[in-house]
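Visitor: Attaching a single structure in structure tokens format; questions to follow.
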Amino acid sequence: MKLRQWSTVGLVAVATVATLNTVPATASRPYDPTTQSLATLGLRHGLHVGTAVNMDALNDASDPQYRRLASSEFASVTAENVMKWESLEPTRGTYNWAPADQFVEFAKRNRQSVRGHVLVWHNQLPAWLTSGVADGSISKQELRELLRKHITTVVNRYKGKIWQWDVVNEAVSDPWDTPSTLHYKGFWAQNLGPGYIADAFRWARAADPKALLFYNDYNIEAFGSGNPADDKTQFVYDMTKSLRAQGVPIDGVGSQGHLGTQYGNFDTLQVTAALKKFAGLGVATAFTEVDVRSQLTEGVQAGNAEEINPRLQASAANFSVLMKACLAVRSCLSYTVWGFSDNHSWVPGWFDDPPEGLATIYDENYQPKRAYQELKSDLIFAGPPYVLPRIAPRPRR
Ligand code: XIL
């Protein structure tokens, strides 16, 4: 890897460490890192700890705690929904910019970096687009042009304000899909073929020369068999390698990090190894949507501590595994949680058979859970020689 392709964000971290170290620690008032925010503690390593932001919750005047934590605890923010195509262009040709603009303004006011989410995805597309393709009134050729226009328009509007863009989201199938051999799935691959992925990155780059352009997906936290027919991480790795070899401007791979305590899950070194392997391709990495849900058994719902505690503990451990792996790999630029409090998590609404929840780092009353404390300790106890400032790639032209 050529050194000049890389710029270090370590300077920021060094400056921050210097600032922290100048805090006078007197015998009467010793410096206490546990009182610092995740944002401040992460930036000591140049790492942006972020959250997805739900605009309804943010604008709910009866829920001031949400806004307070969203603005103070995190160094980076992602719009949970308002930058998705169905939200931006509900009617063909008529853009609804206000919520996304408000989100970007919020970040600016709080000096937070923005992860743009999301330009190309098969979900949350406007009905006029999907039904137009289904009834044949939008041709394949027109669809490709609509996608180009969408990417260009959105990236252009927020040019200079977006740190990382999720350009393509969840393009790869899962082993439980049909056929079970991993493949490019969903609306875009079906209608345009897999070439839309390279096109999307090129169109995004043409509109913003400086944003870091990411591919984003779930279930790619660790390698499995190594066979791309059933190992999604390997499939995404091979895809990224091939895009880079073709000169496609992909700068990063985002691992969503939606985990559940009922699954096998990974240890820190497995996840570290995966991040390192991606880093070997010259791309940045990030955890982009971390949450760790649990099944809400009858016992959990009845408030049975013997059922609740091990789940909270396992959730915290999984949050921590991803954080430690991220800290260990210098190309891992950010760690974003997908909502920070159980009262505004997408999990109960999406995973309801069986019901799941308890997926975030604060409980429903904004009390920090074990997961929050573990993330904090991971950040506090990390440092040289194994944890070093982040290194960001220069956006690829
Ligand atoms: C989810 C939101 O959290 C929900 O509010 C919405 O109803 C559906 O989408 N992967 C992604 C995110 O990339 O955009 C999804 O967000 C969660 C899964």
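Here, A, B, ... name the chains of the structure tokens in the order displayed, residue numbers run from 1 inside each chain, and ligands are numbered from 1 in the same displayed order.
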Give one line per residue of chain A that approaches ligand 1 to at most 8 Å, naming the two atoms of the closest pair and their distance in Å to one decimal, counting only C-alpha atoms and all ligand atoms; sort by chain then ascending residue number and deliver it as a Markdown table.

Guide:
| residue | atom | partner | partner_atom_place_in_ligand_line | distance |
| --- | --- | --- | --- | --- |
| A:Asn54 | CA | ligand 1 | 5 (O) | 7.7 |
| A:Glu80 | CA | ligand 1 | 3 (O) | 5.4 |
| A:Asn81 | CA | ligand 1 | 2 (C) | 6.1 |
| A:Lys84 | CA | ligand 1 | 14 (O) | 7.9 |
| A:His117 | CA | ligand 1 | 14 (O) | 7.1 |
| A:Val118 | CA | ligand 1 | 14 (O) | 7.2 |
| A:Asn123 | CA | ligand 1 | 9 (O) | 7.9 |
| A:Gln124 | CA | ligand 1 | 8 (C) | 7.3 |
| A:Asn169 | CA | ligand 1 | 13 (O) | 6.3 |
| A:Glu170 | CA | ligand 1 | 13 (O) | 7.2 |
| A:Asn216 | CA | ligand 1 | 13 (O) | 7.4 |
| A:Asp217 | CA | ligand 1 | 13 (O) | 7.2 |
| A:Tyr218 | CA | ligand 1 | 10 (N) | 7.4 |
| A:Gln256 | CA | ligand 1 | 10 (N) | 7.2 |
| A:His258 | CA | ligand 1 | 18 (C) | 7.9 |
| A:Glu289 | CA | ligand 1 | 10 (N) | 7.2 |
| A:Trp338 | CA | ligand 1 | 3 (O) | 7.0 |
| A:Gly339 | CA | ligand 1 | 3 (O) | 7.8 |
| A:Ser345 | CA | ligand 1 | 3 (O) | 7.2 |
| A:Trp346 | CA | ligand 1 | 3 (O) | 4.7 |
| A:Val347 | CA | ligand 1 | 3 (O) | 7.8 |
| A:Gly349 | CA | ligand 1 | 7 (O) | 7.9 |
| A:Trp350 | CA | ligand 1 | 7 (O) | 7.7 |

Visitor: Just the alpha helix (DSSP H) stuff from segment 121-221 of chain A, please, per backbone DSSP, written as a ChimeraX atom specification.

Guide: /A:127-134,140-157,186-192,196-207

Visitor: List the spatial neighbours of segment 305-312 of chain A as a PyMOL selection string - criterion: any atom at most 7 Å away, only C-alpha atoms, same-chain residues fewer than 2 positions off excluded.

Guide: chain A and resi 261+294+299-300+303+314-316+370

Visitor: Write out as JSON lines the residues of segment 267-324 of chain A that have any atom within 12 Å of an atom of segment 236-251 of chain A, one row each with the nearest atom pair and its distance in Å to one decimal, counting only C-alpha atoms, sorted by chain and then rising number.

Guide:
{"residue": "A:Ala274", "atom": "CA", "partner": "A:Tyr237", "partner_atom": "CA", "distance": 9.4}
{"residue": "A:Leu275", "atom": "CA", "partner": "A:Tyr237", "partner_atom": "CA", "distance": 10.4}
{"residue": "A:Lys276", "atom": "CA", "partner": "A:Tyr237", "partner_atom": "CA", "distance": 11.4}
{"residue": "A:Lys277", "atom": "CA", "partner": "A:Tyr237", "partner_atom": "CA", "distance": 8.4}
{"residue": "A:Phe278", "atom": "CA", "partner": "A:Tyr237", "partner_atom": "CA", "distance": 6.8}
{"residue": "A:Ala279", "atom": "CA", "partner": "A:Asp251", "partner_atom": "CA", "distance": 10.3}
{"residue": "A:Gly280", "atom": "CA", "partner": "A:Lys241", "partner_atom": "CA", "distance": 9.7}
{"residue": "A:Leu281", "atom": "CA", "partner": "A:Lys241", "partner_atom": "CA", "distance": 6.4}
{"residue": "A:Gly282", "atom": "CA", "partner": "A:Asp251", "partner_atom": "CA", "distance": 7.8}
{"residue": "A:Val283", "atom": "CA", "partner": "A:Asp251", "partner_atom": "CA", "distance": 5.0}
{"residue": "A:Ala284", "atom": "CA", "partner": "A:Asp251", "partner_atom": "CA", "distance": 6.1}
{"residue": "A:Thr285", "atom": "CA", "partner": "A:Asp251", "partner_atom": "CA", "distance": 8.6}
{"residue": "A:Ala286", "atom": "CA", "partner": "A:Asp251", "partner_atom": "CA", "distance": 11.1}

Visitor: I need the residues from that last selection saved to file as a short mmCIF file (atom, residue, chain, number, x, y, z; two decimals), in the first residue's frame (with N, CA and C atoms), if you can.

Guide:
data_model
loop_
_atom_site.label_atom_id
_atom_site.label_comp_id
_atom_site.auth_asym_id
_atom_site.auth_seq_id
_atom_site.Cartn_x
_atom_site.Cartn_y
_atom_site.Cartn_z
N ALA A 274 -10.93 -10.31 10.71
CA ALA A 274 -11.74 -9.93 9.54
C ALA A 274 -11.46 -8.47 9.15
N LEU A 275 -11.44 -7.58 10.15
CA LEU A 275 -11.18 -6.17 9.84
C LEU A 275 -9.80 -6.01 9.21
N LYS A 276 -8.84 -6.76 9.72
CA LYS A 276 -7.47 -6.66 9.19
C LYS A 276 -7.41 -7.12 7.75
N LYS A 277 -8.17 -8.15 7.45
CA LYS A 277 -8.14 -8.68 6.09
C LYS A 277 -8.73 -7.64 5.11
N PHE A 278 -9.81 -7.01 5.52
CA PHE A 278 -10.38 -5.94 4.67
C PHE A 278 -9.37 -4.78 4.55
N ALA A 279 -8.74 -4.45 5.66
CA ALA A 279 -7.76 -3.36 5.62
C ALA A 279 -6.66 -3.66 4.60
N GLY A 280 -6.35 -4.94 4.44
CA GLY A 280 -5.34 -5.36 3.47
C GLY A 280 -5.70 -5.01 2.04
N LEU A 281 -6.97 -4.76 1.80
CA LEU A 281 -7.40 -4.34 0.44
C LEU A 281 -7.23 -2.83 0.26
N GLY A 282 -6.83 -2.15 1.32
CA GLY A 282 -6.65 -0.70 1.22
C GLY A 282 -7.91 0.08 1.54
N VAL A 283 -8.95 -0.61 2.03
CA VAL A 283 -10.20 0.11 2.36
C VAL A 283 -10.31 0.35 3.85
N ALA A 284 -11.02 1.42 4.20
CA ALA A 284 -11.37 1.67 5.59
C ALA A 284 -12.45 0.68 6.00
N THR A 285 -12.64 0.55 7.31
CA THR A 285 -13.73 -0.27 7.82
C THR A 285 -14.48 0.53 8.88
N ALA A 286 -15.66 0.04 9.24
CA ALA A 286 -16.44 0.71 10.28
C ALA A 286 -17.52 -0.25 10.75
#

Visitor: Which residues, written as an NGL selection string, have at least one atom at most 12 Å from Arg397 of chain A, with only C-alpha atoms counted and residues fewer than 5 positions away on the same chain left out?

Guide: :A and (5 or 201-213 or 244 or 247-251)

Visitor: Restricting the output to C-alpha atoms, write the selected residues as an mmCIF file, in the first residue's frame.

Guide:
data_model
loop_
_atom_site.group_PDB
_atom_site.id
_atom_site.type_symbol
_atom_site.label_atom_id
_atom_site.label_comp_id
_atom_site.auth_asym_id
_atom_site.auth_seq_id
_atom_site.Cartn_x
_atom_site.Cartn_y
_atom_site.Cartn_z
ATOM 1 C CA GLN A 5 -2.580 7.357 -0.415
ATOM 2 C CA PHE A 201 -19.770 4.217 -6.631
ATOM 3 C CA ARG A 202 -18.633 6.032 -9.766
ATOM 4 C CA TRP A 203 -21.704 8.291 -9.800
ATOM 5 C CA ALA A 204 -21.288 9.064 -6.083
ATOM 6 C CA ARG A 205 -17.611 9.918 -6.594
ATOM 7 C CA ALA A 206 -18.417 12.195 -9.526
ATOM 8 C CA ALA A 207 -20.750 14.178 -7.265
ATOM 9 C CA ASP A 208 -18.477 14.388 -4.195
ATOM 10 C CA PRO A 209 -14.714 13.986 -4.562
ATOM 11 C CA LYS A 210 -14.102 13.995 -0.806
ATOM 12 C CA ALA A 211 -16.620 11.733 0.923
ATOM 13 C CA LEU A 212 -15.492 8.225 1.856
ATOM 14 C CA LEU A 213 -17.637 5.805 -0.131
ATOM 15 C CA ARG A 244 -10.766 -2.152 -6.281
ATOM 16 C CA GLY A 247 -10.477 1.029 -10.158
ATOM 17 C CA VAL A 248 -13.968 1.545 -8.720
ATOM 18 C CA PRO A 249 -13.884 4.324 -6.072
ATOM 19 C CA ILE A 250 -14.894 2.240 -3.053
ATOM 20 C CA ASP A 251 -13.130 3.511 0.096
#

Visitor: Neighbouring residues of Leu129 of chain A were defined as those with any atom within 9 Å, considering only C-alpha atoms; residues of the same chain fewer than 6 positions away were excluded. Please report them as number ranges by chain.

Guide: A: 92, 138, 143

Visitor: Interatomic distance between atom CA of Asp230 of chain A and atom CA of Val253 of chain A?

Guide: 19.1 Å

Visitor: Please, what distance in Å, to one decimal, runs between atom CA of Ser331 of chain A and atom CA of Leu375 of chain A?

Guide: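 The value is 18.7 Å.
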
Visitor: Please indicate the distance in Å from atom CA of Arg293 of chain A to atom CA of Gln262 of chain A, rounded to one decimal place.

Guide: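 Straight-line distance from atom CA of Arg293 of chain A to atom CA of Gln262 of chain A works out to 8.4 Å.
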
Visitor: Mind checking which residues fall within 12 Å of Lys376 of chain A, counting only C-alpha atoms, ignoring those fewer than 5 positions away in the same chain, and posting them as a PDB file with all heavy atoms, in the first residue's frame?

Guide:
ATOM      1  N   PRO A  33     -12.054   9.634  33.897  1.00  0.00           N
ATOM      2  CA  PRO A  33     -12.510   9.388  32.526  1.00  0.00           C
ATOM      3  C   PRO A  33     -13.926   8.837  32.459  1.00  0.00           C
ATOM      4  O   PRO A  33     -14.581   8.962  31.430  1.00  0.00           O
ATOM      5  CB  PRO A  33     -11.496   8.365  31.995  1.00  0.00           C
ATOM      6  CG  PRO A  33     -10.915   7.723  33.201  1.00  0.00           C
ATOM      7  CD  PRO A  33     -10.942   8.758  34.284  1.00  0.00           C
ATOM      8  N   THR A  34     -14.409   8.243  33.534  1.00  0.00           N
ATOM      9  CA  THR A  34     -15.745   7.644  33.452  1.00  0.00           C
ATOM     10  C   THR A  34     -16.837   8.705  33.318  1.00  0.00           C
ATOM     11  O   THR A  34     -17.969   8.392  32.987  1.00  0.00           O
ATOM     12  CB  THR A  34     -16.060   6.760  34.682  1.00  0.00           C
ATOM     13  OG1 THR A  34     -16.162   7.595  35.832  1.00  0.00           O
ATOM     14  CG2 THR A  34     -14.996   5.708  34.890  1.00  0.00           C
ATOM     15  N   THR A  35     -16.481   9.971  33.583  1.00  0.00           N
ATOM     16  CA  THR A  35     -17.478  11.032  33.426  1.00  0.00           C
ATOM     17  C   THR A  35     -17.492  11.584  31.996  1.00  0.00           C
ATOM     18  O   THR A  35     -18.323  12.428  31.672  1.00  0.00           O
ATOM     19  CB  THR A  35     -17.189  12.199  34.387  1.00  0.00           C
ATOM     20  OG1 THR A  35     -15.906  12.747  34.020  1.00  0.00           O
ATOM     21  CG2 THR A  35     -17.159  11.746  35.821  1.00  0.00           C
ATOM     22  N   GLN A  36     -16.564  11.126  31.163  1.00  0.00           N
ATOM     23  CA  GLN A  36     -16.500  11.628  29.785  1.00  0.00           C
ATOM     24  C   GLN A  36     -17.508  10.891  28.900  1.00  0.00           C
ATOM     25  O   GLN A  36     -17.874   9.752  29.178  1.00  0.00           O
ATOM     26  CB  GLN A  36     -15.092  11.411  29.225  1.00  0.00           C
ATOM     27  CG  GLN A  36     -13.990  12.059  30.040  1.00  0.00           C
ATOM     28  CD  GLN A  36     -14.032  13.573  29.946  1.00  0.00           C
ATOM     29  OE1 GLN A  36     -14.217  14.119  28.879  1.00  0.00           O
ATOM     30  NE2 GLN A  36     -13.882  14.240  31.073  1.00  0.00           N
ATOM     31  N   SER A  37     -17.869  11.535  27.789  1.00  0.00           N
ATOM     32  CA  SER A  37     -18.796  10.904  26.854  1.00  0.00           C
ATOM     33  C   SER A  37     -18.077   9.841  26.022  1.00  0.00           C
ATOM     34  O   SER A  37     -16.845   9.830  25.923  1.00  0.00           O
ATOM     35  CB  SER A  37     -19.362  11.963  25.914  1.00  0.00           C
ATOM     36  OG  SER A  37     -18.323  12.482  25.105  1.00  0.00           O
ATOM     37  N   LEU A  38     -18.857   8.976  25.397  1.00  0.00           N
ATOM     38  CA  LEU A  38     -18.280   8.011  24.453  1.00  0.00           C
ATOM     39  C   LEU A  38     -17.561   8.760  23.339  1.00  0.00           C
ATOM     40  O   LEU A  38     -16.510   8.329  22.858  1.00  0.00           O
ATOM     41  CB  LEU A  38     -19.381   7.129  23.855  1.00  0.00           C
ATOM     42  CG  LEU A  38     -20.115   6.190  24.820  1.00  0.00           C
ATOM     43  CD1 LEU A  38     -21.275   5.496  24.102  1.00  0.00           C
ATOM     44  CD2 LEU A  38     -19.162   5.157  25.404  1.00  0.00           C
ATOM     45  N   ALA A  39     -18.121   9.897  22.937  1.00  0.00           N
ATOM     46  CA  ALA A  39     -17.508  10.699  21.871  1.00  0.00           C
ATOM     47  C   ALA A  39     -16.089  11.100  22.248  1.00  0.00           C
ATOM     48  O   ALA A  39     -15.134  10.867  21.497  1.00  0.00           O
ATOM     49  CB  ALA A  39     -18.358  11.944  21.600  1.00  0.00           C
ATOM     50  N   THR A  40     -15.944  11.687  23.414  1.00  0.00           N
ATOM     51  CA  THR A  40     -14.633  12.174  23.859  1.00  0.00           C
ATOM     52  C   THR A  40     -13.654  11.022  24.033  1.00  0.00           C
ATOM     53  O   THR A  40     -12.500  11.098  23.596  1.00  0.00           O
ATOM     54  CB  THR A  40     -14.791  12.925  25.200  1.00  0.00           C
ATOM     55  OG1 THR A  40     -15.691  14.003  24.990  1.00  0.00           O
ATOM     56  CG2 THR A  40     -13.462  13.440  25.715  1.00  0.00           C
ATOM     57  N   LEU A  41     -14.123   9.956  24.644  1.00  0.00           N
ATOM     58  CA  LEU A  41     -13.218   8.825  24.891  1.00  0.00           C
ATOM     59  C   LEU A  41     -12.799   8.159  23.583  1.00  0.00           C
ATOM     60  O   LEU A  41     -11.667   7.718  23.434  1.00  0.00           O
ATOM     61  CB  LEU A  41     -13.891   7.818  25.829  1.00  0.00           C
ATOM     62  CG  LEU A  41     -14.136   8.354  27.248  1.00  0.00           C
ATOM     63  CD1 LEU A  41     -15.009   7.388  28.047  1.00  0.00           C
ATOM     64  CD2 LEU A  41     -12.814   8.598  27.977  1.00  0.00           C
ATOM     65  N   GLY A  42     -13.726   8.090  22.608  1.00  0.00           N
ATOM     66  CA  GLY A  42     -13.390   7.496  21.314  1.00  0.00           C
ATOM     67  C   GLY A  42     -12.383   8.337  20.554  1.00  0.00           C
ATOM     68  O   GLY A  42     -11.445   7.813  19.942  1.00  0.00           O
ATOM     69  N   VAL A  49     -17.324   7.442  17.783  1.00  0.00           N
ATOM     70  CA  VAL A  49     -18.435   6.625  18.268  1.00  0.00           C
ATOM     71  C   VAL A  49     -19.716   7.371  17.896  1.00  0.00           C
ATOM     72  O   VAL A  49     -19.872   8.552  18.231  1.00  0.00           O
ATOM     73  CB  VAL A  49     -18.355   6.410  19.794  1.00  0.00           C
ATOM     74  CG1 VAL A  49     -19.522   5.550  20.264  1.00  0.00           C
ATOM     75  CG2 VAL A  49     -17.023   5.759  20.166  1.00  0.00           C
ATOM     76  N   GLU A  73     -23.407  12.638  23.513  1.00  0.00           N
ATOM     77  CA  GLU A  73     -22.677  11.397  23.780  1.00  0.00           C
ATOM     78  C   GLU A  73     -21.922  10.868  22.559  1.00  0.00           C
ATOM     79  O   GLU A  73     -21.045  10.027  22.688  1.00  0.00           O
ATOM     80  CB  GLU A  73     -23.689  10.357  24.291  1.00  0.00           C
ATOM     81  CG  GLU A  73     -23.119   9.168  25.009  1.00  0.00           C
ATOM     82  CD  GLU A  73     -22.460   9.501  26.346  1.00  0.00           C
ATOM     83  OE1 GLU A  73     -22.971  10.361  27.104  1.00  0.00           O
ATOM     84  OE2 GLU A  73     -21.414   8.909  26.619  1.00  0.00           O
ATOM     85  N   ALA A 316     -23.856  -6.951  26.362  1.00  0.00           N
ATOM     86  CA  ALA A 316     -22.690  -6.099  26.644  1.00  0.00           C
ATOM     87  C   ALA A 316     -21.417  -6.724  26.085  1.00  0.00           C
ATOM     88  O   ALA A 316     -20.579  -6.045  25.481  1.00  0.00           O
ATOM     89  CB  ALA A 316     -22.559  -5.879  28.147  1.00  0.00           C
ATOM     90  N   PHE A 319     -21.308  -6.196  22.281  1.00  0.00           N
ATOM     91  CA  PHE A 319     -20.954  -4.804  21.951  1.00  0.00           C
ATOM     92  C   PHE A 319     -19.448  -4.618  22.115  1.00  0.00           C
ATOM     93  O   PHE A 319     -18.777  -3.985  21.298  1.00  0.00           O
ATOM     94  CB  PHE A 319     -21.668  -3.833  22.896  1.00  0.00           C
ATOM     95  CG  PHE A 319     -23.037  -3.373  22.434  1.00  0.00           C
ATOM     96  CD1 PHE A 319     -24.192  -3.937  22.962  1.00  0.00           C
ATOM     97  CD2 PHE A 319     -23.162  -2.365  21.483  1.00  0.00           C
ATOM     98  CE1 PHE A 319     -25.449  -3.503  22.546  1.00  0.00           C
ATOM     99  CE2 PHE A 319     -24.415  -1.924  21.065  1.00  0.00           C
ATOM    100  CZ  PHE A 319     -25.565  -2.497  21.594  1.00  0.00           C
ATOM    101  N   SER A 320     -18.928  -5.200  23.198  1.00  0.00           N
ATOM    102  CA  SER A 320     -17.528  -5.014  23.531  1.00  0.00           C
ATOM    103  C   SER A 320     -16.603  -5.732  22.543  1.00  0.00           C
ATOM    104  O   SER A 320     -15.542  -5.205  22.186  1.00  0.00           O
ATOM    105  CB  SER A 320     -17.306  -5.520  24.961  1.00  0.00           C
ATOM    106  OG  SER A 320     -15.958  -5.482  25.292  1.00  0.00           O
ATOM    107  N   MET A 323     -16.256  -3.542  19.600  1.00  0.00           N
ATOM    108  CA  MET A 323     -15.489  -2.334  19.923  1.00  0.00           C
ATOM    109  C   MET A 323     -13.993  -2.636  20.036  1.00  0.00           C
ATOM    110  O   MET A 323     -13.152  -1.919  19.490  1.00  0.00           O
ATOM    111  CB  MET A 323     -16.005  -1.714  21.228  1.00  0.00           C
ATOM    112  CG  MET A 323     -15.205  -0.512  21.702  1.00  0.00           C
ATOM    113  SD  MET A 323     -15.144   0.817  20.452  1.00  0.00           S
ATOM    114  CE  MET A 323     -16.613   1.754  20.889  1.00  0.00           C
ATOM    115  N   LYS A 324     -13.657  -3.714  20.720  1.00  0.00           N
ATOM    116  CA  LYS A 324     -12.240  -4.031  20.895  1.00  0.00           C
ATOM    117  C   LYS A 324     -11.583  -4.354  19.552  1.00  0.00           C
ATOM    118  O   LYS A 324     -10.454  -3.943  19.279  1.00  0.00           O
ATOM    119  CB  LYS A 324     -12.072  -5.179  21.889  1.00  0.00           C
ATOM    120  CG  LYS A 324     -12.261  -4.685  23.325  1.00  0.00           C
ATOM    121  CD  LYS A 324     -11.963  -5.757  24.353  1.00  0.00           C
ATOM    122  CE  LYS A 324     -13.087  -6.753  24.398  1.00  0.00           C
ATOM    123  NZ  LYS A 324     -13.215  -7.445  25.681  1.00  0.00           N
ATOM    124  N   ILE A 361     -27.775   0.351  24.213  1.00  0.00           N
ATOM    125  CA  ILE A 361     -26.854   0.575  25.338  1.00  0.00           C
ATOM    126  C   ILE A 361     -27.462   1.372  26.510  1.00  0.00           C
ATOM    127  O   ILE A 361     -26.840   1.489  27.557  1.00  0.00           O
ATOM    128  CB  ILE A 361     -25.552   1.254  24.852  1.00  0.00           C
ATOM    129  CG1 ILE A 361     -25.821   2.607  24.208  1.00  0.00           C
ATOM    130  CG2 ILE A 361     -24.820   0.337  23.873  1.00  0.00           C
ATOM    131  CD1 ILE A 361     -24.535   3.362  23.808  1.00  0.00           C
ATOM    132  N   PRO A 368     -27.926   4.113  31.548  1.00  0.00           N
ATOM    133  CA  PRO A 368     -26.907   3.311  30.864  1.00  0.00           C
ATOM    134  C   PRO A 368     -26.936   1.857  31.333  1.00  0.00           C
ATOM    135  O   PRO A 368     -27.059   1.581  32.523  1.00  0.00           O
ATOM    136  CB  PRO A 368     -25.591   3.989  31.257  1.00  0.00           C
ATOM    137  CG  PRO A 368     -25.911   4.993  32.294  1.00  0.00           C
ATOM    138  CD  PRO A 368     -27.376   5.239  32.298  1.00  0.00           C
ATOM    139  N   LYS A 369     -26.841   0.950  30.362  1.00  0.00           N
ATOM    140  CA  LYS A 369     -26.824  -0.477  30.677  1.00  0.00           C
ATOM    141  C   LYS A 369     -25.368  -0.967  30.742  1.00  0.00           C
ATOM    142  O   LYS A 369     -24.438  -0.223  30.458  1.00  0.00           O
ATOM    143  CB  LYS A 369     -27.607  -1.237  29.600  1.00  0.00           C
ATOM    144  CG  LYS A 369     -29.099  -0.929  29.660  1.00  0.00           C
ATOM    145  CD  LYS A 369     -29.814  -1.156  28.340  1.00  0.00           C
ATOM    146  CE  LYS A 369     -29.801  -2.606  27.865  1.00  0.00           C
ATOM    147  NZ  LYS A 369     -30.583  -2.731  26.604  1.00  0.00           N
ATOM    148  N   ARG A 370     -25.207  -2.247  31.075  1.00  0.00           N
ATOM    149  CA  ARG A 370     -23.855  -2.821  31.097  1.00  0.00           C
ATOM    150  C   ARG A 370     -23.136  -2.568  29.776  1.00  0.00           C
ATOM    151  O   ARG A 370     -21.932  -2.352  29.739  1.00  0.00           O
ATOM    152  CB  ARG A 370     -23.922  -4.319  31.312  1.00  0.00           C
ATOM    153  CG  ARG A 370     -24.309  -4.775  32.694  1.00  0.00           C
ATOM    154  CD  ARG A 370     -24.464  -6.302  32.642  1.00  0.00           C
ATOM    155  NE  ARG A 370     -24.847  -6.900  33.907  1.00  0.00           N
ATOM    156  CZ  ARG A 370     -26.078  -6.847  34.397  1.00  0.00           C
ATOM    157  NH1 ARG A 370     -27.037  -6.205  33.763  1.00  0.00           N
ATOM    158  NH2 ARG A 370     -26.358  -7.439  35.551  1.00  0.00           N
ATOM    159  N   ALA A 371     -23.868  -2.638  28.687  1.00  0.00           N
ATOM    160  CA  ALA A 371     -23.240  -2.479  27.366  1.00  0.00           C
ATOM    161  C   ALA A 371     -22.572  -1.109  27.254  1.00  0.00           C
ATOM    162  O   ALA A 371     -21.467  -0.980  26.724  1.00  0.00           O
ATOM    163  CB  ALA A 371     -24.276  -2.651  26.268  1.00  0.00           C
ATOM    164  N   PHE A 381      -9.538   1.889  28.650  1.00  0.00           N
ATOM    165  CA  PHE A 381      -8.387   1.027  28.907  1.00  0.00           C
ATOM    166  C   PHE A 381      -7.527   0.772  27.670  1.00  0.00           C
ATOM    167  O   PHE A 381      -6.537   0.066  27.751  1.00  0.00           O
ATOM    168  CB  PHE A 381      -8.843  -0.307  29.522  1.00  0.00           C
ATOM    169  CG  PHE A 381      -9.502  -0.132  30.874  1.00  0.00           C
ATOM    170  CD1 PHE A 381     -10.715  -0.739  31.156  1.00  0.00           C
ATOM    171  CD2 PHE A 381      -8.908   0.654  31.847  1.00  0.00           C
ATOM    172  CE1 PHE A 381     -11.318  -0.572  32.396  1.00  0.00           C
ATOM    173  CE2 PHE A 381      -9.512   0.832  33.091  1.00  0.00           C
ATOM    174  CZ  PHE A 381     -10.724   0.220  33.371  1.00  0.00           C
ATOM    175  N   ALA A 382      -7.924   1.310  26.534  1.00  0.00           N
ATOM    176  CA  ALA A 382      -7.150   1.067  25.311  1.00  0.00           C
ATOM    177  C   ALA A 382      -6.052   2.108  25.139  1.00  0.00           C
ATOM    178  O   ALA A 382      -6.179   3.236  25.594  1.00  0.00           O
ATOM    179  CB  ALA A 382      -8.081   1.109  24.103  1.00  0.00           C
TER     180      ALA A 382
END
